[in-house]
$ cat data-v4.cif   # mmCIF, C-alpha atoms
data_entry
loop_
_atom_site.label_atom_id
_atom_site.label_comp_id
_atom_site.auth_asym_id
_atom_site.auth_seq_id
_atom_site.Cartn_x
_atom_site.Cartn_y
_atom_site.Cartn_z
CA MET A 21 -8.38 22.44 -6.66
CA ALA A 22 -5.01 23.70 -7.85
CA GLN A 23 -1.91 21.91 -6.58
CA TYR A 24 1.68 22.89 -7.26
CA LYS A 25 5.12 22.35 -5.82
CA GLN A 26 7.74 24.96 -5.07
CA ALA A 27 11.03 24.65 -3.17
CA GLY A 28 10.21 21.16 -2.00
CA CYS A 29 6.82 22.09 -0.53
CA ALA A 30 3.35 21.28 -1.82
CA TYR A 31 0.61 23.86 -1.70
CA SER A 32 -3.10 23.46 -2.31
CA ILE A 33 -5.49 26.26 -3.10
CA ILE A 34 -9.22 25.68 -3.32
CA LEU A 35 -11.23 28.24 -5.24
CA LEU A 36 -14.98 28.11 -5.70
CA ILE A 37 -17.12 30.10 -8.10
CA VAL A 38 -20.23 30.98 -6.11
CA CYS A 39 -22.95 33.26 -7.43
CA VAL A 40 -23.94 35.83 -4.85
CA LYS A 41 -27.51 34.91 -3.95
CA CYS A 42 -28.91 36.00 -0.64
CA SER A 43 -31.95 37.56 0.89
CA ASP A 44 -31.61 41.30 1.24
CA THR A 45 -33.21 44.25 2.95
CA ASP A 46 -33.46 47.69 1.38
CA ILE A 47 -31.74 50.07 3.83
CA THR A 48 -31.50 53.01 1.44
CA HIS A 49 -33.85 55.20 3.47
CA LEU A 50 -32.19 54.18 6.74
CA ALA A 51 -28.77 55.16 5.41
CA PHE A 52 -29.53 58.16 3.20
CA GLY A 53 -32.99 59.38 4.13
CA GLY A 54 -34.35 61.30 1.17
CA PHE A 55 -30.91 61.94 -0.32
CA THR A 56 -30.61 59.24 -2.99
CA ASP A 57 -28.71 61.07 -5.73
CA GLY A 58 -25.09 60.43 -6.49
CA MET A 59 -22.55 57.64 -6.77
CA PRO A 60 -20.27 56.67 -3.84
CA ALA A 61 -16.66 57.39 -4.76
CA ALA A 62 -14.64 57.10 -1.52
CA PHE A 63 -14.88 56.69 2.24
CA GLY A 64 -13.11 58.49 5.09
CA ASP A 65 -13.56 60.24 8.43
CA PHE A 66 -13.57 63.84 7.23
CA ASN A 67 -14.55 65.57 10.48
CA SER A 68 -12.58 63.30 12.86
CA ASP A 69 -15.63 62.08 14.79
CA GLU A 70 -14.63 58.40 14.39
CA LEU A 71 -17.53 57.78 12.01
CA THR A 72 -17.01 56.90 8.36
CA ASP A 73 -18.25 59.57 5.95
CA VAL A 74 -19.02 58.98 2.27
CA PHE A 75 -17.68 61.00 -0.66
CA ILE A 76 -20.16 60.94 -3.55
CA LEU A 77 -20.30 62.22 -7.13
CA LEU A 78 -23.30 64.27 -8.29
CA ASP A 79 -24.42 66.21 -11.36
CA ASN A 80 -23.25 63.57 -13.84
CA GLY A 81 -19.79 63.43 -12.34
CA LYS A 82 -19.15 67.18 -12.08
CA THR A 83 -19.67 67.63 -8.32
CA MET A 84 -18.06 65.96 -5.30
CA GLU A 85 -19.92 66.13 -1.99
CA ILE A 86 -19.26 64.67 1.46
CA LEU A 87 -22.12 63.05 3.35
CA LEU A 88 -21.34 63.10 7.07
CA ALA A 89 -22.03 60.01 9.15
CA HIS A 90 -24.32 60.07 12.19
CA GLU A 91 -25.25 57.54 14.83
CA GLU A 92 -28.99 58.08 14.29
CA GLU A 93 -31.03 57.57 11.14
CA PRO A 94 -30.49 58.68 8.49
CA LEU A 95 -26.91 57.56 8.95
CA LEU A 96 -25.49 59.72 6.13
CA ARG A 97 -26.55 63.34 5.61
CA PRO A 98 -25.37 66.45 3.77
CA SER A 99 -23.55 68.92 5.99
CA THR A 100 -25.54 71.84 7.37
CA PRO A 101 -25.78 74.79 7.20
CA ASP A 102 -23.08 74.80 4.49
CA ARG A 103 -22.77 71.83 2.14
CA LEU A 104 -19.36 70.16 1.83
CA ARG A 105 -19.26 70.14 -1.96
CA CYS A 106 -17.12 71.35 -4.85
CA THR A 107 -18.09 71.54 -8.52
CA PHE A 108 -15.97 71.28 -11.66
CA SER A 109 -18.35 72.66 -14.27
CA ASN A 110 -16.33 71.87 -17.40
CA SER A 111 -14.86 68.53 -16.35
CA LEU A 112 -15.72 64.98 -15.36
CA ILE A 113 -14.41 63.73 -12.03
CA THR A 114 -12.53 60.44 -12.48
CA SER A 115 -11.32 59.70 -8.94
CA VAL A 116 -11.52 60.92 -5.34
CA VAL A 117 -8.76 60.26 -2.77
CA PRO A 118 -9.27 61.47 0.82
CA GLY A 119 -6.07 62.01 2.82
CA ASP A 120 -3.68 64.47 4.43
CA PHE A 121 -1.71 66.32 1.74
CA ASP A 122 -0.30 69.12 3.95
CA GLY A 123 0.53 67.45 7.27
CA ASP A 124 -2.00 69.37 9.39
CA ALA A 125 -3.80 66.17 10.53
CA LEU A 126 -7.00 67.34 8.80
CA MET A 127 -8.44 65.47 5.85
CA ASP A 128 -8.01 66.95 2.39
CA VAL A 129 -9.51 65.57 -0.80
CA LEU A 130 -7.59 64.88 -4.00
CA VAL A 131 -9.78 65.00 -7.09
CA THR A 132 -8.76 64.05 -10.62
CA THR A 133 -10.72 65.16 -13.67
CA ILE A 134 -10.69 64.95 -17.42
CA HIS A 135 -12.04 67.62 -19.73
CA LYS A 136 -15.26 66.92 -21.54
CA ARG A 137 -14.07 66.93 -25.12
CA THR A 138 -15.34 69.77 -27.29
CA GLU A 139 -14.90 70.43 -30.98
CA GLY A 140 -11.88 72.66 -30.47
CA ASP A 141 -9.95 70.33 -28.15
CA SER A 142 -6.81 68.61 -29.38
CA ASP A 143 -6.07 64.93 -28.77
CA TYR A 144 -3.34 66.09 -26.38
CA GLU A 145 -5.73 68.12 -24.23
CA SER A 146 -8.36 65.39 -24.10
CA SER A 147 -5.80 62.77 -22.99
CA LEU A 148 -4.65 64.65 -19.88
CA THR A 149 -5.71 64.09 -16.29
CA TYR A 150 -6.01 67.20 -14.12
CA VAL A 151 -5.22 66.88 -10.42
CA TYR A 152 -6.64 69.15 -7.71
CA VAL A 153 -6.31 69.08 -3.94
CA ILE A 154 -9.31 70.46 -2.05
CA TRP A 155 -7.75 71.59 1.21
CA GLY A 156 -9.86 70.62 4.18
CA GLY A 157 -10.58 72.33 7.46
CA ALA A 158 -12.29 71.09 10.59
CA ASN A 159 -15.72 71.62 9.05
CA HIS A 160 -15.25 73.19 5.62
CA LEU A 161 -13.67 72.69 2.20
CA ASN A 162 -11.54 75.16 0.25
CA CYS A 163 -12.67 74.35 -3.29
CA SER A 164 -9.98 74.55 -5.96
CA HIS A 165 -10.19 76.77 -9.02
CA GLU A 166 -10.91 74.57 -12.01
CA GLU A 167 -8.66 76.71 -14.24
CA THR A 168 -5.54 76.10 -12.12
CA PRO A 169 -4.91 72.39 -11.47
CA LEU A 170 -1.93 71.50 -9.31
CA ILE A 171 -0.79 68.80 -11.72
CA LYS A 172 -1.35 67.81 -15.33
CA MET A 173 -0.51 64.20 -16.04
CA ILE A 174 -1.30 61.17 -18.18
CA GLY A 175 -3.40 58.50 -16.50
CA GLN A 176 -4.27 58.25 -12.82
CA PRO A 177 -1.79 58.90 -9.97
CA LEU A 178 -0.78 56.43 -7.27
CA ALA A 179 -0.90 57.79 -3.71
CA ILE A 180 2.34 57.02 -1.82
CA ASP A 181 4.58 58.51 0.87
CA TYR A 182 7.78 59.27 -1.06
CA ASN A 183 9.90 60.63 1.79
CA GLN A 184 8.31 59.04 4.89
CA ASP A 185 7.06 62.37 6.28
CA MET A 186 3.47 61.10 6.73
CA ILE A 187 2.24 63.45 3.97
CA ILE A 188 0.70 61.86 0.90
CA ASP A 189 2.67 62.18 -2.34
CA LEU A 190 1.87 61.00 -5.88
CA PHE A 191 3.50 58.84 -8.56
CA GLY A 192 2.61 58.72 -12.24
CA GLN A 193 3.44 60.00 -15.73
CA ASP A 194 3.78 63.68 -16.54
CA GLU A 195 2.64 65.30 -19.77
CA GLU A 196 5.76 64.05 -21.59
CA LYS A 197 5.25 60.48 -20.31
CA ASN A 198 8.17 60.77 -17.91
CA ARG A 199 7.77 58.81 -14.69
CA MET A 200 7.44 61.39 -11.96
CA PHE A 201 6.96 61.79 -8.23
CA TRP A 202 5.03 64.80 -6.94
CA VAL A 203 6.06 65.48 -3.34
CA PHE A 204 3.80 67.59 -1.12
CA ASP A 205 4.81 69.57 1.98
CA LYS A 206 3.11 71.73 4.61
CA SER A 207 2.97 74.86 2.45
CA ARG A 208 -0.11 73.93 0.37
CA GLY A 209 1.86 75.12 -2.64
CA ASP A 210 2.71 73.30 -5.85
CA PRO A 211 4.27 69.89 -5.17
CA THR A 212 7.94 69.33 -5.93
CA LYS A 213 8.48 67.30 -9.11
CA ILE A 214 11.12 64.57 -8.84
CA LYS A 215 11.84 62.48 -11.91
CA MET A 216 12.20 58.76 -11.30
CA GLU A 217 15.91 57.98 -11.47
CA ASP A 218 16.60 55.94 -14.56
CA ASN A 219 18.65 52.92 -13.61
CA ARG A 220 16.59 50.94 -16.11
CA ASN A 221 16.85 52.26 -19.64
CA PRO A 222 14.62 52.64 -21.53
CA MET A 223 11.62 52.87 -19.25
CA THR A 224 8.41 51.31 -20.55
CA GLU A 225 5.25 53.39 -20.72
CA LEU A 226 2.95 52.86 -17.74
CA SER A 227 -0.27 50.97 -18.32
CA ARG A 228 -3.60 52.79 -18.35
CA PRO A 229 -5.55 52.06 -16.27
CA HIS A 230 -2.78 50.99 -13.94
CA ALA A 231 -2.61 48.61 -11.00
CA HIS A 232 0.48 50.03 -9.28
CA ALA A 233 0.99 49.21 -5.61
CA PHE A 234 2.97 50.68 -2.71
CA LEU A 235 3.93 47.96 -0.23
CA ASP A 236 6.89 46.18 1.36
CA LEU A 237 7.81 43.29 -0.95
CA ASN A 238 11.23 42.33 0.46
CA ASP A 239 10.57 42.45 4.22
CA ASP A 240 13.01 45.30 4.94
CA PHE A 241 10.35 47.57 6.51
CA MET A 242 10.67 49.99 3.57
CA PRO A 243 7.75 50.31 1.16
CA ASP A 244 8.52 49.31 -2.42
CA LEU A 245 6.86 50.18 -5.72
CA PHE A 246 5.10 47.62 -7.89
CA ILE A 247 4.58 49.18 -11.32
CA THR A 248 2.38 47.90 -14.14
CA THR A 249 3.51 48.74 -17.67
CA LYS A 250 2.23 47.87 -21.12
CA ASP A 251 4.88 45.14 -21.49
CA ASP A 252 5.52 43.74 -18.01
CA PHE A 253 5.51 44.37 -14.27
CA GLU A 254 8.38 46.07 -12.44
CA ILE A 255 9.54 46.03 -8.82
CA TRP A 256 11.44 49.04 -7.49
CA ASN A 257 12.80 48.62 -3.98
CA GLY A 258 12.58 51.50 -1.53
CA ASN A 259 15.77 52.78 0.08
CA GLU A 260 16.77 55.63 2.35
CA ARG A 261 19.30 57.15 -0.02
CA ARG A 262 18.68 59.79 -2.65
CA GLY A 263 16.47 58.37 -5.36
CA LYS A 264 14.25 56.59 -2.86
CA PHE A 265 13.43 53.75 -5.28
CA VAL A 266 15.89 51.50 -7.11
CA TYR A 267 14.94 49.14 -9.92
CA ASN A 268 15.09 45.53 -8.77
CA SER A 269 13.45 43.19 -11.25
CA THR A 270 10.91 42.67 -13.99
CA ILE A 271 8.06 40.17 -13.94
CA PRO A 272 6.86 39.16 -17.42
CA HIS A 273 3.17 39.08 -18.17
CA PRO A 274 1.61 35.63 -17.64
CA GLN A 275 1.78 32.89 -20.28
CA ASN A 276 -0.22 29.69 -20.61
CA THR A 277 1.26 26.20 -20.84
CA ASN A 278 1.81 26.71 -24.59
CA LYS A 279 3.95 29.80 -23.89
CA GLN A 280 1.18 31.99 -25.32
CA ASN A 281 1.14 35.50 -23.92
CA ALA A 282 -2.07 36.73 -22.34
CA GLU A 283 -4.12 38.92 -24.70
CA VAL A 284 -5.87 40.77 -21.87
CA ILE A 285 -4.18 41.72 -18.58
CA GLY A 286 -6.55 42.61 -15.76
CA GLN A 287 -5.93 44.64 -12.62
CA SER A 288 -3.36 42.92 -10.39
CA LEU A 289 -3.71 42.77 -6.63
CA PHE A 290 -1.72 41.36 -3.73
CA ILE A 291 -3.17 38.65 -1.49
CA ASP A 292 -1.68 36.44 1.20
CA VAL A 293 -2.87 33.37 -0.69
CA GLU A 294 -1.21 30.81 1.59
CA LEU A 295 -1.78 32.66 4.89
CA LYS A 296 1.96 32.78 5.55
CA GLY A 297 2.31 36.52 6.01
CA ARG A 298 3.65 36.93 2.47
CA MET A 299 1.87 38.88 -0.26
CA ASP A 300 1.44 37.05 -3.56
CA LEU A 301 0.77 38.79 -6.87
CA VAL A 302 -2.59 37.72 -8.33
CA THR A 303 -3.56 38.75 -11.87
CA PRO A 304 -6.71 37.94 -13.88
CA VAL A 305 -5.97 37.36 -17.57
CA CYS A 306 -7.54 36.19 -20.80
CA PHE A 307 -5.52 34.34 -23.41
CA GLU A 308 -7.98 35.34 -26.13
CA LYS A 309 -9.20 38.83 -26.95
CA TYR A 310 -12.85 38.21 -26.06
CA CYS A 311 -12.27 36.43 -22.75
CA ASN A 312 -14.21 33.22 -23.31
CA ARG A 313 -14.35 30.64 -20.54
CA SER A 314 -11.44 28.55 -21.77
CA SER A 315 -9.18 31.60 -22.02
CA SER A 316 -10.08 33.20 -18.67
CA ALA A 317 -7.56 32.42 -15.95
CA LEU A 318 -6.52 33.58 -12.51
CA MET A 319 -2.74 33.59 -12.23
CA VAL A 320 -0.58 33.88 -9.11
CA TYR A 321 3.13 34.76 -9.14
CA SER A 322 4.92 32.82 -6.43
CA GLU A 323 8.54 31.74 -5.98
CA GLY A 324 9.51 33.26 -9.34
CA LYS A 325 6.82 31.52 -11.41
CA TRP A 326 3.35 32.16 -12.73
CA LEU A 327 0.90 29.48 -11.61
CA ASN A 328 -2.62 28.99 -12.91
CA LEU A 329 -5.02 28.64 -10.00
CA GLN A 330 -7.25 26.46 -12.21
CA VAL A 331 -10.48 28.23 -11.32
CA ASN A 332 -13.51 26.28 -12.48
CA PHE A 333 -15.67 28.79 -14.35
CA LYS A 334 -18.66 26.42 -14.36
CA ASP A 335 -21.35 26.91 -11.72
CA ASP A 336 -23.51 24.30 -9.98
CA ASN A 337 -26.02 24.44 -12.84
CA SER A 338 -23.31 23.66 -15.43
CA ASN A 339 -23.38 27.21 -16.82
CA ASN A 340 -20.04 28.43 -18.16
CA TRP A 341 -18.83 31.88 -17.15
CA ARG A 342 -15.95 34.17 -18.15
CA PHE A 343 -14.30 37.37 -17.00
CA TYR A 344 -16.48 40.29 -18.08
CA LEU A 345 -14.76 42.95 -20.15
CA LYS A 346 -16.43 45.77 -22.07
CA PRO A 347 -13.93 48.29 -23.52
CA GLY A 348 -15.13 51.87 -23.33
CA SER A 349 -17.62 51.24 -20.53
CA LYS A 350 -17.45 53.16 -17.28
CA TYR A 351 -16.82 50.37 -14.76
CA THR A 352 -16.05 47.23 -16.79
CA ASN A 353 -13.41 48.50 -19.21
CA VAL A 354 -10.84 46.39 -17.38
CA ILE A 355 -11.01 43.11 -15.43
CA THR A 356 -11.02 44.07 -11.75
CA LEU A 357 -10.93 41.84 -8.67
CA HIS A 358 -11.61 42.74 -5.04
CA SER A 359 -10.09 40.75 -2.21
CA GLY A 360 -11.27 40.40 1.37
CA ASP A 361 -12.63 37.94 3.88
CA PHE A 362 -16.26 38.21 2.81
CA ASN A 363 -17.58 35.26 4.83
CA MET A 364 -15.48 35.85 7.98
CA ASP A 365 -13.82 32.43 7.93
CA GLY A 366 -10.25 33.74 8.14
CA TYR A 367 -9.38 32.98 4.50
CA PRO A 368 -9.04 35.49 1.65
CA ASP A 369 -11.89 35.56 -0.86
CA ILE A 370 -12.07 37.23 -4.27
CA LEU A 371 -15.05 39.11 -5.69
CA ALA A 372 -15.15 39.21 -9.49
CA THR A 373 -17.53 40.31 -12.23
CA LEU A 374 -18.32 37.48 -14.64
CA ALA A 375 -20.66 37.06 -17.60
CA PRO A 376 -22.18 33.99 -19.26
CA GLU A 377 -19.87 32.56 -21.90
CA ASN A 378 -22.32 33.35 -24.69
CA GLY A 379 -24.06 36.31 -23.10
CA ASP A 380 -23.56 39.89 -21.98
CA HIS A 381 -25.33 40.04 -18.61
CA PRO A 382 -22.65 40.36 -15.90
CA LYS A 383 -23.06 39.18 -12.33
CA HIS A 384 -20.85 39.31 -9.26
CA PHE A 385 -19.27 36.10 -8.02
CA PHE A 386 -17.12 35.01 -5.10
#
$ encode --input "data-v4.cif" --output "structure tokens"
Amino acid sequence: MAQYKQAGCAYSIILLIVCVKCSDTDITHLAFGGFTDGMPAAFGDFNSDELTDVFILLDNGKTMEILLAHEEEPLLRPSTPDRLRCTFSNSLITSVVPGDFDGDALMDVLVTTIHKRTEGDSDYESSLTYVYVIWGGANHLNCSHEETPLIKMIGQPLAIDYNQDMIIDLFGQDEEKNRMFWVFDKSRGDPTKIKMEDNRNPMTELSRPHAHAFLDLNDDFMPDLFITTKDDFEIWNGNERRGKFVYNSTIPHPQNTNKQNAEVIGQSLFIDVELKGRMDLVTPVCFEKYCNRSSSALMVYSEGKWLNLQVNFKDDNSNNWRFYLKPGSKYTNVITLHSGDFNMDGYPDILATLAPENGDHPKHFF
């Protein structure tokens, strides 16, 4: 149990490491029928029937297809007679974001890709992310031309609403590493590029992969920007004037009690840790490069301080565990947490991927 005092109040947070062990039932055929190819990438109600459809990746990450939900088995099926799918033959799809990018109340699909590196490609070309919007209709997709991406950028974009018009916009770094907003409108044309106003000079390069967030951090009913950089975290407050976001403060990366900086910074997330209606910044870190048990820590930023939640990484069988990190791998190249009420008790839980301290066989833990 971690106990700490802030502003005259004492708080207690109890965190348990529990290996996910439960009886299970294979519902693959019930959900998918005979369609078992592909990797789920996103969820959304594409055809507005109040059922959740699944966006999957096929063909080794070159094709995106939507499986439509039904009330009868199989619950998820390819669209008929025409499949809802788009292929990027010379690229690898890196993310899928369903949403409304033109304000017509119909779901579009943003897809980001990277080029599969060939012998003639430069380092510059292979480092870029290409952004496409597949414009949706009531029951069809208008697949984008792979040769003409809407945006070229570095890293992944963050989906936001820059100008409060209920149309999704993007934030990220352009090809020159400038912080940029891409603002969409109803025309389905190229988005308007708006450079982030520089009231903090110089601006630090954004981290890749990032853990940016778009949420109200100062209770003024305006969404703010939380930005992760290679050196620190930044908070930019939203405002109604020109510029839209104004630099407010910097949060340094976590340190341990010996003032040692964390060697590995995981993906931050916001959780109402104390159930007080206030979002706290939670960040997994390692104070050594290889993330052994003694260096793995879960840090929370509250009342202007980083606090170690003192998670016990030893299970009931006295096995020691650590955050699992494997650079260059597809899903574990960064420490990632997922928050939610997994056991329906009203308290936030955290799902993490851990590995034995002296092994390389990851498992999922609450």
$ residues_around --input "data-v4.cif" --residues "Thr356 (chain A)" --least-positions-apart "2" --cutoff "8 Å" --atoms "all atoms listed in the file" --output "VMD selection string"
chain A and resid 286 to 288 304 352 354 358 372 to 373
$ residues_around --input "data-v4.cif" --residues "region 116-127 of chain A" --least-positions-apart "5" --cutoff "10 Å" --atoms "only C-alpha atoms" --output "PyMOL selection string"
chain A and resi 60-68+75-77+84+132-133+152-159+161+178-179+185-190+203-209+211
$ residues_around --input "data-v4.cif" --residues "region 379-382 of chain A" --least-positions-apart "2" --cutoff "10 Å" --atoms "all atoms listed in the file" --output "list in words"
Trp341, Arg342, Phe343, Tyr344, Leu345, Lys346, Thr352, Ala372, Thr373, Leu374, Ala375, Pro376, Glu377, His384 and Phe385 of chain A
$ resolve_selection --input "data-v4.cif" --expression "the PyMOL selection byres ((chain A and resi 201) around 7)" --output "ChimeraX atom specification"
/A:190-192,200,202-203,213-216
$ residues_around --input "data-v4.cif" --residues "Met299 (chain A)" --least-positions-apart "2" --cutoff "6 Å" --atoms "all atoms listed in the file" --output "PyMOL selection string"
chain A and resi 290-292
$ closest_residue --input "data-v4.cif" --among "A:Cys106, A:Leu329, A:Ile180, A:Leu50" --to "Glu91 (chain A)" --atoms "only C-alpha atoms"
A:Leu50
$ closest_residue --input "data-v4.cif" --among "A:Val131, A:Met242, A:Cys311, A:Val74" --to "Val266 (chain A)" --atoms "only C-alpha atoms"
A:Met242
$ residues_near_point --input "data-v4.cif" --point "(4.4, 52.1, -3.4)" --cutoff "12 Å" --atoms "only C-alpha atoms" --output "PyMOL selection string"
chain A and resi 177-184+188-192+201+231-237+242-248+254-259+264-265
$ axis_aligned_box --input "data-v4.cif" --around "region 185-202 of chain A" --padding-each-side "5 Å" --output "JSON"
{"center_x": 4.4, "center_y": 62.0, "center_z": -7.4, "size_x": 17.5, "size_y": 16.6, "size_z": 38.3}
$ resolve_selection --input "data-v4.cif" --expression "the PyMOL selection byres ((chain A and resi 170-172) around 6)" --output "number ranges by chain"
A: 149-152, 169, 173
$ atom_distance --input "data-v4.cif" --atom1 "CA of Ala282 (chain A)" --atom2 "CA of Ser338 (chain A)"
25.9 Å
$ resolve_selection --input "data-v4.cif" --expression "the PyMOL selection byres ((chain A and resi 57) around 12)" --output "PyMOL selection string"
chain A and resi 48+52-56+58-60+76-81+83-85+87+97-98
$ atom_distance --input "data-v4.cif" --atom1 "CA of Thr303 (chain A)" --atom2 "CA of Met319 (chain A)"
5.2 Å
$ atom_distance --input "data-v4.cif" --atom1 "CA of Thr270 (chain A)" --atom2 "CA of Asp252 (chain A)"
6.8 Å
$ residues_near_point --input "data-v4.cif" --point "(0.3, 26.9, -17.4)" --cutoff "6 Å" --atoms "only C-alpha atoms" --output "count of residues only"
3
$ residues_around --input "data-v4.cif" --residues "Gly175 (chain A)" --least-positions-apart "6" --cutoff "10 Å" --atoms "all atoms listed in the file" --output "ChimeraX atom specification"
/A:132,134,147-150,192-195,197,226-230
$ build_atoms --input "data-v4.cif" --residues "region 42-64 of chain A" --atoms "N, CA and C atoms" --output "mmCIF file, in the coordinates of the input"
data_model
loop_
_atom_site.group_PDB
_atom_site.id
_atom_site.type_symbol
_atom_site.label_atom_id
_atom_site.label_comp_id
_atom_site.auth_asym_id
_atom_site.auth_seq_id
_atom_site.Cartn_x
_atom_site.Cartn_y
_atom_site.Cartn_z
ATOM 1 N N CYS A 42 -28.564 35.917 -2.049
ATOM 2 C CA CYS A 42 -28.910 36.000 -0.640
ATOM 3 C C CYS A 42 -30.159 36.866 -0.501
ATOM 4 N N SER A 43 -30.825 36.684 0.609
ATOM 5 C CA SER A 43 -31.950 37.560 0.890
ATOM 6 C C SER A 43 -31.402 38.923 1.286
ATOM 7 N N ASP A 44 -32.116 39.970 0.951
ATOM 8 C CA ASP A 44 -31.610 41.300 1.240
ATOM 9 C C ASP A 44 -32.716 42.180 1.787
ATOM 10 N N THR A 45 -32.287 43.263 2.396
ATOM 11 C CA THR A 45 -33.210 44.250 2.950
ATOM 12 C C THR A 45 -32.802 45.617 2.419
ATOM 13 N N ASP A 46 -33.736 46.361 1.909
ATOM 14 C CA ASP A 46 -33.460 47.690 1.380
ATOM 15 C C ASP A 46 -33.280 48.661 2.551
ATOM 16 N N ILE A 47 -32.033 49.139 2.739
ATOM 17 C CA ILE A 47 -31.740 50.070 3.830
ATOM 18 C C ILE A 47 -31.419 51.459 3.300
ATOM 19 N N THR A 48 -31.819 51.718 2.055
ATOM 20 C CA THR A 48 -31.500 53.010 1.440
ATOM 21 C C THR A 48 -32.023 54.167 2.279
ATOM 22 N N HIS A 49 -33.276 54.097 2.690
ATOM 23 C CA HIS A 49 -33.850 55.200 3.470
ATOM 24 C C HIS A 49 -33.190 55.300 4.833
ATOM 25 N N LEU A 50 -32.865 54.158 5.445
ATOM 26 C CA LEU A 50 -32.190 54.180 6.740
ATOM 27 C C LEU A 50 -30.836 54.859 6.642
ATOM 28 N N ALA A 51 -30.119 54.605 5.545
ATOM 29 C CA ALA A 51 -28.770 55.160 5.410
ATOM 30 C C ALA A 51 -28.776 56.592 4.899
ATOM 31 N N PHE A 52 -29.613 56.875 3.886
ATOM 32 C CA PHE A 52 -29.530 58.160 3.200
ATOM 33 C C PHE A 52 -30.735 59.064 3.411
ATOM 34 N N GLY A 53 -31.790 58.569 4.023
ATOM 35 C CA GLY A 53 -32.990 59.380 4.130
ATOM 36 C C GLY A 53 -33.544 59.671 2.750
ATOM 37 N N GLY A 54 -33.844 60.932 2.481
ATOM 38 C CA GLY A 54 -34.350 61.300 1.170
ATOM 39 C C GLY A 54 -33.277 61.645 0.167
ATOM 40 N N PHE A 55 -32.010 61.561 0.573
ATOM 41 C CA PHE A 55 -30.910 61.940 -0.320
ATOM 42 C C PHE A 55 -30.437 60.685 -1.055
ATOM 43 N N THR A 56 -30.939 60.467 -2.255
ATOM 44 C CA THR A 56 -30.610 59.240 -2.990
ATOM 45 C C THR A 56 -29.900 59.521 -4.303
ATOM 46 N N ASP A 57 -29.474 60.760 -4.525
ATOM 47 C CA ASP A 57 -28.710 61.070 -5.730
ATOM 48 C C ASP A 57 -27.245 60.728 -5.504
ATOM 49 N N GLY A 58 -26.532 60.549 -6.590
ATOM 50 C CA GLY A 58 -25.090 60.430 -6.490
ATOM 51 C C GLY A 58 -24.566 59.013 -6.473
ATOM 52 N N MET A 59 -23.262 58.905 -6.725
ATOM 53 C CA MET A 59 -22.550 57.640 -6.770
ATOM 54 C C MET A 59 -21.428 57.661 -5.739
ATOM 55 N N PRO A 60 -21.376 56.702 -4.806
ATOM 56 C CA PRO A 60 -20.270 56.670 -3.840
ATOM 57 C C PRO A 60 -18.926 56.560 -4.551
ATOM 58 N N ALA A 61 -17.973 57.381 -4.126
ATOM 59 C CA ALA A 61 -16.660 57.390 -4.760
ATOM 60 C C ALA A 61 -15.533 57.061 -3.785
ATOM 61 N N ALA A 62 -15.701 57.352 -2.495
ATOM 62 C CA ALA A 62 -14.640 57.100 -1.520
ATOM 63 C C ALA A 62 -15.241 57.162 -0.115
ATOM 64 N N PHE A 63 -14.460 56.689 0.843
ATOM 65 C CA PHE A 63 -14.880 56.690 2.240
ATOM 66 C C PHE A 63 -13.754 57.262 3.101
ATOM 67 N N GLY A 64 -14.114 57.950 4.180
ATOM 68 C CA GLY A 64 -13.110 58.490 5.090
ATOM 69 C C GLY A 64 -13.772 59.274 6.209
#
